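Data block for upload00.cif (mmCIF, C-alpha atoms and all ligand atoms):
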```cif
data_final
#
loop_
_atom_site.label_atom_id
_atom_site.label_comp_id
_atom_site.auth_asym_id
_atom_site.auth_seq_id
_atom_site.Cartn_x
_atom_site.Cartn_y
_atom_site.Cartn_z
CA MET A 1 77.71 91.87 22.16
CA LYS A 2 74.45 93.54 23.04
CA ARG A 3 74.40 95.36 19.71
CA THR A 4 74.88 92.09 17.76
CA THR A 5 71.85 90.56 19.46
CA THR A 6 69.71 93.56 18.54
CA HIS A 7 70.89 93.31 14.93
CA TRP A 8 69.96 89.65 14.70
CA ALA A 9 66.59 90.32 16.27
CA LEU A 10 65.89 93.10 13.74
CA ALA A 11 66.97 90.88 10.87
CA GLY A 12 64.68 88.10 12.13
CA LEU A 13 61.77 90.51 12.39
CA ALA A 14 62.37 91.71 8.83
CA ILE A 15 62.35 88.14 7.50
CA LEU A 16 59.19 87.38 9.47
CA MET A 17 57.45 90.45 8.06
CA ALA A 18 58.51 89.61 4.52
CA THR A 19 57.20 86.04 4.74
CA SER A 20 53.90 87.03 6.33
CA THR A 21 53.36 89.65 3.63
CA MET A 22 53.95 86.99 1.00
CA SER A 23 51.45 84.52 2.43
CA CYS A 24 48.87 87.30 2.77
CA GLY A 25 49.05 88.02 -0.93
CA GLY A 26 46.95 86.33 -3.56
CA ASP A 27 43.37 85.49 -2.73
CA ALA A 28 43.03 87.62 0.38
CA GLY A 29 44.27 84.79 2.58
CA LEU A 30 41.79 82.14 1.42
CA GLU A 31 43.31 78.77 0.74
CA ILE A 32 41.29 76.07 -1.02
CA SER A 33 42.56 72.53 -0.76
CA ASP A 34 41.57 68.94 -1.48
CA ALA A 35 38.83 69.73 -4.01
CA TRP A 36 37.37 66.46 -5.24
CA GLY A 37 34.21 64.67 -6.32
CA LEU A 38 33.02 61.08 -6.60
CA PRO A 39 32.89 59.38 -9.99
CA SER A 40 29.32 58.91 -11.20
CA PRO A 41 27.75 57.47 -14.35
CA SER A 42 26.66 59.74 -17.20
CA VAL A 43 22.99 58.93 -16.54
CA ALA A 44 23.30 60.46 -13.08
CA THR A 45 22.23 64.07 -13.48
CA THR A 46 24.01 65.30 -10.39
CA GLY A 47 27.38 65.24 -8.67
CA ALA A 48 28.85 66.72 -5.51
CA PHE A 49 32.12 68.57 -4.95
CA PHE A 50 33.90 68.51 -1.63
CA LEU A 51 36.72 70.83 -0.54
CA THR A 52 38.38 72.60 2.36
CA ILE A 53 38.55 76.39 2.69
CA THR A 54 41.04 77.89 5.14
CA ASN A 55 40.87 81.59 5.89
CA ASN A 56 44.42 82.68 6.71
CA GLY A 57 43.47 86.35 6.43
CA ALA A 58 42.34 88.77 9.11
CA GLU A 59 38.91 89.35 7.59
CA ASP A 60 35.83 87.12 7.83
CA ASP A 61 34.55 85.87 4.50
CA ALA A 62 31.83 83.55 3.20
CA LEU A 63 31.31 81.24 0.25
CA ILE A 64 28.17 82.51 -1.47
CA GLY A 65 28.04 80.61 -4.75
CA ALA A 66 29.79 78.56 -7.41
CA THR A 67 29.80 78.11 -11.16
CA SER A 68 31.26 75.37 -13.31
CA PRO A 69 31.30 74.63 -17.02
CA ALA A 70 30.74 70.99 -15.94
CA CYS A 71 27.38 71.78 -14.35
CA GLY A 72 24.13 73.27 -15.63
CA ALA A 73 23.83 74.79 -12.16
CA ALA A 74 26.02 74.67 -9.08
CA GLU A 75 24.45 75.22 -5.67
CA LEU A 76 25.65 75.20 -2.07
CA HIS A 77 23.94 72.32 -0.29
CA GLU A 78 23.97 70.53 2.99
CA SER A 79 23.15 66.85 3.49
CA SER A 80 22.10 65.69 6.91
CA MET A 81 20.29 62.86 8.62
CA ASP A 82 16.93 63.90 10.00
CA ASP A 83 15.50 62.76 13.35
CA GLN A 84 13.78 59.83 11.65
CA GLY A 85 16.97 58.46 10.14
CA ALA A 86 16.39 59.71 6.60
CA MET A 87 19.08 61.43 4.58
CA THR A 88 17.91 64.82 3.46
CA MET A 89 19.53 67.61 1.47
CA GLN A 90 18.85 71.32 1.35
CA PRO A 91 20.40 74.48 -0.07
CA VAL A 92 22.49 75.95 2.78
CA ALA A 93 20.67 78.25 5.16
CA GLY A 94 21.05 81.89 4.15
CA GLY A 95 22.75 80.85 0.91
CA ARG A 96 26.22 81.21 2.43
CA ILE A 97 28.92 79.14 4.13
CA ALA A 98 30.80 81.36 6.58
CA VAL A 99 34.59 81.18 6.69
CA PRO A 100 35.61 83.40 9.64
CA ALA A 101 39.16 84.74 9.85
CA GLY A 102 41.55 82.08 11.07
CA GLU A 103 39.00 79.29 10.61
CA THR A 104 38.43 76.42 8.21
CA ALA A 105 35.22 75.38 6.49
CA VAL A 106 35.10 71.76 5.44
CA LEU A 107 32.74 70.59 2.71
CA GLU A 108 32.66 66.81 3.10
CA GLN A 109 30.63 63.68 2.39
CA GLY A 110 27.38 63.55 4.34
CA GLY A 111 27.49 67.30 4.99
CA LEU A 112 28.20 70.49 3.06
CA HIS A 113 28.86 70.21 -0.67
CA VAL A 114 28.79 72.12 -3.91
CA MET A 115 25.93 70.38 -5.70
CA CYS A 116 26.44 70.04 -9.44
CA ILE A 117 23.02 69.82 -11.11
CA ASN A 118 22.60 68.72 -14.74
CA LYS A 119 26.12 67.49 -15.34
CA LEU A 120 27.58 68.63 -18.65
CA GLU A 121 30.85 66.70 -18.45
CA GLU A 122 31.82 63.12 -17.59
CA PHE A 123 32.57 62.47 -13.93
CA THR A 124 34.94 59.61 -14.66
CA GLU A 125 37.80 58.77 -12.35
CA GLY A 126 40.78 61.03 -13.06
CA ALA A 127 38.72 63.81 -14.69
CA GLN A 128 39.75 67.37 -13.80
CA LEU A 129 36.77 69.74 -13.71
CA ASP A 130 36.86 73.52 -13.53
CA LEU A 131 35.02 75.16 -10.67
CA THR A 132 34.85 78.81 -9.66
CA LEU A 133 33.94 79.61 -6.07
CA GLN A 134 32.34 82.98 -5.34
CA PHE A 135 33.19 84.63 -2.04
CA GLU A 136 31.52 87.60 -0.41
CA LYS A 137 34.78 89.56 -0.04
CA ALA A 138 37.48 87.70 -1.95
CA GLY A 139 35.37 87.49 -5.11
CA ASP A 140 35.88 84.65 -7.58
CA ILE A 141 38.47 81.95 -6.98
CA PRO A 142 38.95 79.43 -9.81
CA LEU A 143 40.16 75.94 -9.06
CA THR A 144 40.23 72.39 -10.37
CA VAL A 145 38.21 69.52 -8.91
CA GLU A 146 39.61 66.03 -9.20
CA ILE A 147 37.18 63.18 -9.75
CA ARG A 148 38.35 60.22 -7.72
CA GLU A 149 37.36 57.58 -5.19
CA ARG A 150 37.62 58.92 -1.68
CA MET B 1 66.96 33.74 64.63
CA THR B 2 66.20 36.46 62.12
CA ASP B 3 68.78 34.92 59.84
CA THR B 4 67.06 31.55 59.80
CA GLN B 5 63.65 33.03 59.05
CA GLU B 6 65.02 35.00 56.08
CA THR B 7 66.60 31.88 54.61
CA VAL B 8 63.37 29.88 54.91
CA ARG B 9 61.26 32.59 53.29
CA SER B 10 63.57 33.21 50.36
CA SER B 11 63.95 29.54 49.61
CA SER B 12 60.15 29.01 49.53
CA VAL B 13 59.77 31.96 47.16
CA GLY B 14 62.50 30.43 45.03
CA ARG B 15 60.60 27.16 44.85
CA LEU B 16 57.30 28.88 43.98
CA LEU B 17 58.75 31.12 41.29
CA PRO B 18 58.76 28.59 38.41
CA THR B 19 55.15 27.60 39.21
CA VAL B 20 53.99 31.24 39.27
CA LEU B 21 55.79 31.88 35.99
CA ALA B 22 54.25 28.82 34.39
CA ILE B 23 50.72 29.81 35.47
CA THR B 24 51.28 33.35 34.15
CA VAL B 25 52.41 32.03 30.78
CA VAL B 26 49.41 29.68 30.51
CA LEU B 27 46.98 32.49 31.41
CA ALA B 28 48.58 34.84 28.91
CA LEU B 29 48.35 32.22 26.15
CA PHE B 30 44.72 31.57 27.02
CA ALA B 31 43.86 35.26 26.91
CA TRP B 32 45.70 35.70 23.64
CA LEU B 33 44.62 32.60 21.73
CA VAL B 34 41.30 31.44 23.15
CA LEU B 35 39.40 34.49 24.46
CA PRO B 36 39.08 36.27 21.07
CA ARG B 37 37.41 33.14 19.70
CA LEU B 38 34.94 32.93 22.57
CA ARG B 39 33.88 36.55 22.18
CA PRO B 40 31.01 36.79 19.64
CA TYR B 41 31.70 38.70 16.41
CA GLN B 42 30.87 42.38 16.78
CA PHE B 43 28.83 43.49 13.76
CA ASN B 44 29.34 47.00 12.41
CA GLY B 45 25.68 47.11 11.45
CA THR B 46 22.67 46.55 13.70
CA VAL B 47 21.64 42.90 14.06
CA LEU B 48 17.94 42.08 13.90
CA GLN B 49 16.28 38.91 15.17
CA SER B 50 13.44 38.27 12.77
CA ALA B 51 11.66 34.93 12.95
CA MET B 52 9.73 35.48 9.73
CA PRO B 53 11.23 36.01 6.29
CA VAL B 54 10.66 39.55 4.98
CA PRO B 55 7.64 39.89 2.68
CA ASP B 56 8.55 39.29 -0.96
CA PHE B 57 8.23 42.00 -3.59
CA THR B 58 8.33 42.07 -7.36
CA LEU B 59 9.58 45.20 -9.10
CA THR B 60 10.79 46.02 -12.61
CA SER B 61 14.37 45.94 -13.85
CA ALA B 62 15.65 46.71 -17.34
CA ASP B 63 15.66 42.92 -17.92
CA GLY B 64 12.13 42.34 -16.67
CA PRO B 65 10.51 41.59 -13.32
CA VAL B 66 12.74 40.93 -10.31
CA SER B 67 11.54 39.43 -7.03
CA LEU B 68 13.43 39.44 -3.78
CA SER B 69 12.80 35.69 -3.55
CA ASP B 70 14.72 35.16 -6.84
CA PHE B 71 17.89 35.45 -4.75
CA ARG B 72 17.07 32.95 -1.99
CA GLY B 73 20.32 31.17 -1.21
CA LYS B 74 22.34 34.35 -1.57
CA LEU B 75 22.83 37.31 0.73
CA VAL B 76 20.88 40.26 -0.60
CA VAL B 77 22.05 43.79 0.11
CA LEU B 78 19.02 45.99 -0.44
CA TYR B 79 19.31 49.75 -0.81
CA PHE B 80 16.66 52.36 -1.48
CA GLY B 81 17.99 55.42 -3.30
CA TYR B 82 17.70 57.46 -6.49
CA THR B 83 19.97 58.50 -9.32
CA PHE B 84 19.55 62.23 -8.68
CA CYS B 85 21.21 61.75 -5.28
CA PRO B 86 24.78 63.14 -5.52
CA ASP B 87 26.36 62.18 -2.24
CA VAL B 88 25.13 59.29 -0.09
CA CYS B 89 23.95 57.05 -2.98
CA PRO B 90 27.19 56.97 -5.04
CA THR B 91 29.21 56.71 -1.83
CA THR B 92 27.21 53.71 -0.64
CA LEU B 93 27.14 51.92 -4.01
CA SER B 94 30.88 52.43 -4.37
CA ASP B 95 31.58 51.26 -0.80
CA VAL B 96 29.60 48.05 -1.35
CA ASN B 97 31.56 47.49 -4.56
CA LYS B 98 34.84 47.83 -2.65
CA ALA B 99 33.51 45.47 0.04
CA LEU B 100 32.59 42.87 -2.61
CA ALA B 101 36.08 43.16 -4.09
CA GLN B 102 37.49 42.29 -0.66
CA LEU B 103 35.30 39.18 -0.51
CA GLY B 104 36.82 37.78 -3.71
CA ASN B 105 34.98 34.70 -5.04
CA GLU B 106 32.56 34.80 -2.13
CA ALA B 107 31.05 37.95 -3.65
CA GLU B 108 29.19 35.64 -6.05
CA ASP B 109 26.95 34.77 -3.10
CA VAL B 110 25.99 38.41 -2.53
CA GLN B 111 23.43 40.30 -4.63
CA MET B 112 23.22 44.09 -4.42
CA ILE B 113 19.80 45.50 -5.33
CA MET B 114 18.98 49.20 -5.50
CA VAL B 115 15.32 50.18 -5.47
CA SER B 116 14.64 53.64 -6.85
CA VAL B 117 12.44 55.79 -4.63
CA ASP B 118 12.10 58.27 -7.50
CA PRO B 119 10.12 56.27 -10.11
CA ALA B 120 9.14 59.49 -11.92
CA ARG B 121 12.76 60.23 -12.90
CA ASP B 122 14.36 56.77 -12.79
CA ASP B 123 13.08 54.39 -15.45
CA PRO B 124 14.46 50.82 -15.40
CA ALA B 125 16.92 51.41 -18.27
CA LYS B 126 18.42 54.51 -16.65
CA LEU B 127 18.59 52.73 -13.33
CA ALA B 128 20.45 49.78 -14.88
CA ASP B 129 23.02 52.14 -16.41
CA TYR B 130 23.37 53.88 -13.08
CA VAL B 131 23.93 50.87 -10.82
CA GLN B 132 26.12 48.97 -13.30
CA PHE B 133 28.54 51.90 -13.38
CA PHE B 134 29.45 50.93 -9.81
CA ASN B 135 29.40 47.16 -10.33
CA PRO B 136 28.17 45.15 -13.36
CA THR B 137 26.44 42.61 -11.08
CA TYR B 138 24.22 45.20 -9.39
CA VAL B 139 20.49 45.07 -10.08
CA GLY B 140 18.36 48.22 -10.18
CA VAL B 141 14.58 48.00 -9.85
CA THR B 142 11.66 50.35 -9.65
CA GLY B 143 7.89 50.32 -10.07
CA THR B 144 4.87 52.47 -9.53
CA ASP B 145 4.92 54.70 -6.48
CA ASP B 146 2.56 52.25 -4.71
CA GLU B 147 4.71 49.22 -5.58
CA VAL B 148 7.91 50.86 -4.37
CA ARG B 149 6.29 52.07 -1.17
CA SER B 150 4.88 48.66 -0.29
CA ALA B 151 8.29 47.07 -0.98
CA ALA B 152 10.00 49.63 1.27
CA THR B 153 7.67 49.68 4.26
CA PRO B 154 8.54 46.21 5.71
CA PHE B 155 12.17 47.39 5.92
CA GLY B 156 11.22 50.47 7.87
CA ILE B 157 12.24 52.53 4.86
CA TRP B 158 10.28 55.66 4.14
CA TYR B 159 10.92 58.40 1.66
CA GLU B 160 9.39 61.69 0.73
CA ALA B 161 9.98 64.09 -2.14
CA HIS B 162 10.38 67.72 -1.21
CA ALA B 163 10.31 70.65 -3.59
CA GLU B 164 13.46 72.71 -3.72
CA GLU B 165 13.85 76.33 -4.72
CA GLY B 166 17.00 75.67 -6.76
CA ALA B 167 17.70 73.85 -10.03
CA SER B 168 17.01 70.37 -8.61
CA GLY B 169 13.23 70.74 -8.90
CA TYR B 170 12.70 68.29 -6.09
CA LEU B 171 14.84 66.04 -3.92
CA VAL B 172 13.85 62.85 -2.15
CA ASP B 173 14.53 62.39 1.56
CA HIS B 174 15.13 58.68 2.08
CA VAL B 175 16.35 56.28 4.73
CA ALA B 176 19.75 55.39 3.30
CA THR B 177 20.51 52.13 5.10
CA LEU B 178 21.85 48.92 3.62
CA ASN B 179 19.51 46.05 4.49
CA VAL B 180 21.17 42.64 4.49
CA ILE B 181 18.85 39.67 3.96
CA ASP B 182 20.27 36.24 4.73
CA ARG B 183 20.17 33.15 2.51
CA GLU B 184 16.80 32.07 4.00
CA GLY B 185 15.17 35.44 3.36
CA HIS B 186 15.37 36.92 6.87
CA LEU B 187 16.36 40.54 7.34
CA LYS B 188 19.40 40.12 9.55
CA LEU B 189 21.42 43.29 9.45
CA VAL B 190 20.94 47.01 8.89
CA ILE B 191 24.05 49.01 8.04
CA GLY B 192 23.85 52.79 8.39
CA PRO B 193 25.08 55.34 5.84
CA GLY B 194 28.74 56.27 6.17
CA THR B 195 29.86 52.78 7.28
CA GLY B 196 33.05 52.25 5.28
CA ALA B 197 33.83 49.46 2.82
CA ASP B 198 36.05 47.54 5.27
CA ALA B 199 33.31 47.38 7.90
CA ILE B 200 30.72 46.32 5.33
CA ALA B 201 33.06 43.61 4.02
CA ALA B 202 33.66 42.26 7.53
CA ASP B 203 29.92 41.98 8.24
CA LEU B 204 29.17 40.33 4.90
CA GLU B 205 32.06 37.94 5.30
CA TYR B 206 30.80 36.88 8.73
CA MET B 207 27.26 36.41 7.39
CA LEU B 208 28.55 34.26 4.52
CA ARG B 209 30.06 31.70 6.89
CU CU A 301 23.06 68.49 -2.88
#
```

Once more with this new file: its structure as C-alpha cells, please.
Amino acid sequence: MKRTTTHWALAGLAILMATSTMSCGGDAGLEISDAWGLPSPSVATTGAFFLTITNNGAEDDALIGATSPACGAAELHESSMDDQGAMTMQPVAGGRIAVPAGETAVLEQGGLHVMCINKLEEFTEGAQLDLTLQFEKAGDIPLTVEIRER
Amino acid sequence: MTDTQETVRSSSVGRLLPTVLAITVVLALFAWLVLPRLRPYQFNGTVLQSAMPVPDFTLTSADGPVSLSDFRGKLVVLYFGYTFCPDVCPTTLSDVNKALAQLGNEAEDVQMIMVSVDPARDDPAKLADYVQFFNPTYVGVTGTDDEVRSAATPFGIWYEAHAEEGASGYLVDHVATLNVIDREGHLKLVIGPGTGADAIAADLEYMLR
C-alpha cells in the first residue's frame, strides 16, 4: 500500500516536471497577449499598439525596442496626464519597460504604448500588422497586432 | 393570570400585522418607484454653471469658415487635439461616435467639432479627412496659432509643443477634455479623457432633454 502511494507520487512529479519544462520552452518564458491597435485614418501619421507581456520565466527581462514594417519608426512611449490636466506623451524613461520574472507589463490606452510613427500601412479595422518586439534577454519576438475597436 | 396576558398580547400583534405589512409594502414601492426620480441625474462629466455664453470663435474648416455660433440650437461637443496624436485623440473621437450611435436620431442635434492645436502640421483638408474617418458629420477646424489659442483659452484649454528626441519631431501636450456647449451657447459640461462611450451618451442624452 505504502509503495503504491510512493509510485503515484513519483509519477505525478514526473508529469509536473515534463509540463513545466514544456511551458518554459520557446521565448524564454515571455508570453505576449492581446496585441491590438485602434483604427485610424490614412492621413493620421501615427498609431499606437497596446499589448500585455507576462514573464513566466525565472529571469528578469525588459522590452527595449520594437520594429514594424507598418511603421517608419516604432518607439516605446508613455502617455500620462500632467498636474495641469494636459495629456502628455514621452519616450519611456531609460528606453526600457521592465518585465521582472513572474510579473506582467501592460501596455494600455492612456499609458504605455508602442508608438508607430509615419505609418506605412492602413490601420483599418480588421488589419493584421506585423510587429517585432526586442527584449534585453529574450531577443526578438515577432507577433501580429490586430487593428480593432477596443 | 399569565395566560390571559399572553392571549391579549398575541391577539393585538395579530391585529397590527396586516397594517405593518401594508405600510412596509407602500414604503418599499415608494423607495423603488419614486425616489430614483427625485434624485437629480448624476453627470459623468463635471457640470459648470456659466451665466454667460462662451465667447464665439471663427476658425477654418476644409469647407470654409466655421463659427461656434453657427451651431446655436444644437449641443456642441468641442475637442482640442491633433492628428499626430496616436492614443487619446482617436480613442475620444471614436468614443463620441459610439455615443452618437446610441442616441439614434437625437444625434442630429449634436455637433462634434475638433480644433487642431497643431496648425503647422494639420491643414484644414487633412483635418477633415481625419475627423470624418471617425464620423462623417464631424467638423475639423484650425487657424493661425493665435486664433487657435484665443479660441481655446475661454475653455481653460492650453497646449504646448515639446520637442522629442525620437522620430516624432515634436509632440503637443494638450488638455484632452470634451467640452459640451448647450443649445443656448453656454459651456455646461466638461468630460475628462477616458470616459467611455456609454457615459458620454448618458450625459448627452440628459442634456438633449
Ligand atoms: Cu506615443

Self-check item: Surrounding residues of Lys137 of chain A excluding itself and chain neighbours under 5 positions, 12 Å, all atoms listed in the file, as a list of chain:residue names
Solution: A:Asp27, A:Ala28, A:Gly29, A:Leu30, A:Asn55, A:Gly57, A:Ala58, A:Glu59, A:Asp60, A:Asp61, A:Ala62, A:Leu63, A:Ile64, A:Ala98, A:Val99, A:Pro100, A:Ala101

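Between ligand CU 301 (chain A) and the residues A:Phe50, A:His113, A:Gln84, A:Ser33, the shortest atom-to-atom distance, using all atoms listed in the file, involves A:His113.
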
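For the set B:Met114, B:Val172, B:Ala197, B:Ala31, the residue with the smallest atom-to-atom gap to ligand CU 301 (chain A) is B:Val172, counting all atoms listed in the file.
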
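Those protein and nucleic acid residues that have any atom within 6 Å of ligand CU 301 (chain A) are, using all atoms listed in the file, His77, Met89 and Met115 of chain A.
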
Quiz item: Within 9 Å of Leu107 of chain A, counting only C-alpha atoms, which residues qualify if same-chain residues fewer than 6 places away don't, as a PyMOL selection string?
Solution: chain A and resi 49-53+78+113-114

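Residues of chain B lying within 7 Å of chain A, counting only C-alpha atoms, are B:Thr83, B:Phe84, B:Cys85, B:Pro86, B:Asp87, B:Val88, B:Pro90, B:Lys126, B:Asp129, B:Tyr130, B:Phe133, B:Ala167, B:Ser168, B:Asp173, B:His174, B:Val175, B:Ala176.
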
Now that the selection is made, can you save its residues with C-alpha atoms as a JSON list (two decimals), in the frame of the given file?
```json
[["chain", "number", "residue", "atom", "x", "y", "z"],
["B", 83, "THR", "CA", 19.97, 58.50, -9.32],
["B", 84, "PHE", "CA", 19.55, 62.23, -8.68],
["B", 85, "CYS", "CA", 21.21, 61.75, -5.28],
["B", 86, "PRO", "CA", 24.78, 63.14, -5.52],
["B", 87, "ASP", "CA", 26.36, 62.18, -2.24],
["B", 88, "VAL", "CA", 25.13, 59.29, -0.09],
["B", 90, "PRO", "CA", 27.19, 56.97, -5.04],
["B", 126, "LYS", "CA", 18.42, 54.51, -16.65],
["B", 129, "ASP", "CA", 23.02, 52.14, -16.41],
["B", 130, "TYR", "CA", 23.37, 53.88, -13.08],
["B", 133, "PHE", "CA", 28.54, 51.90, -13.38],
["B", 167, "ALA", "CA", 17.70, 73.85, -10.03],
["B", 168, "SER", "CA", 17.01, 70.37, -8.61],
["B", 173, "ASP", "CA", 14.53, 62.39, 1.56],
["B", 174, "HIS", "CA", 15.13, 58.68, 2.08],
["B", 175, "VAL", "CA", 16.35, 56.28, 4.73],
["B", 176, "ALA", "CA", 19.75, 55.39, 3.30]]
```

Quiz item: Could you pull the residues within 9 Å of Ser94 of chain B, counting all atoms listed in the file, minus those fewer than 2 positions along the same chain, as a PyMOL selection string?
Solution: (chain A and resi 149) or (chain B and resi 89-92+96-99+134-135+197)

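Proximity of B:Tyr170, B:Tyr79, B:Phe155, B:Tyr206 to Leu48 of chain B, computed with only C-alpha atoms, is greatest for B:Phe155.
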
Quiz prompt | Pairwise distance for atom CA of Phe80 of chain B and atom CA of Val145 of chain A, rounded to one decimal in Å | solution = 28.5 Å

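For the pair atom CA of Trp158 of chain B and atom CA of Gly73 of chain B, the interatomic distance is 27.0 Å.
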
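Atom CA of Gly94 of chain A sits 18.8 Å away from atom CA of Leu171 of chain B.
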
Exercise. Please check which residues have atoms at most 10 Å from (11.5, 49.4, -12.6) in the file's coordinates, counting all atoms listed in the file, and write them as a ChimeraX atom specification.
Key: /B:58-66,115-116,119,122-128,140-144,147-148
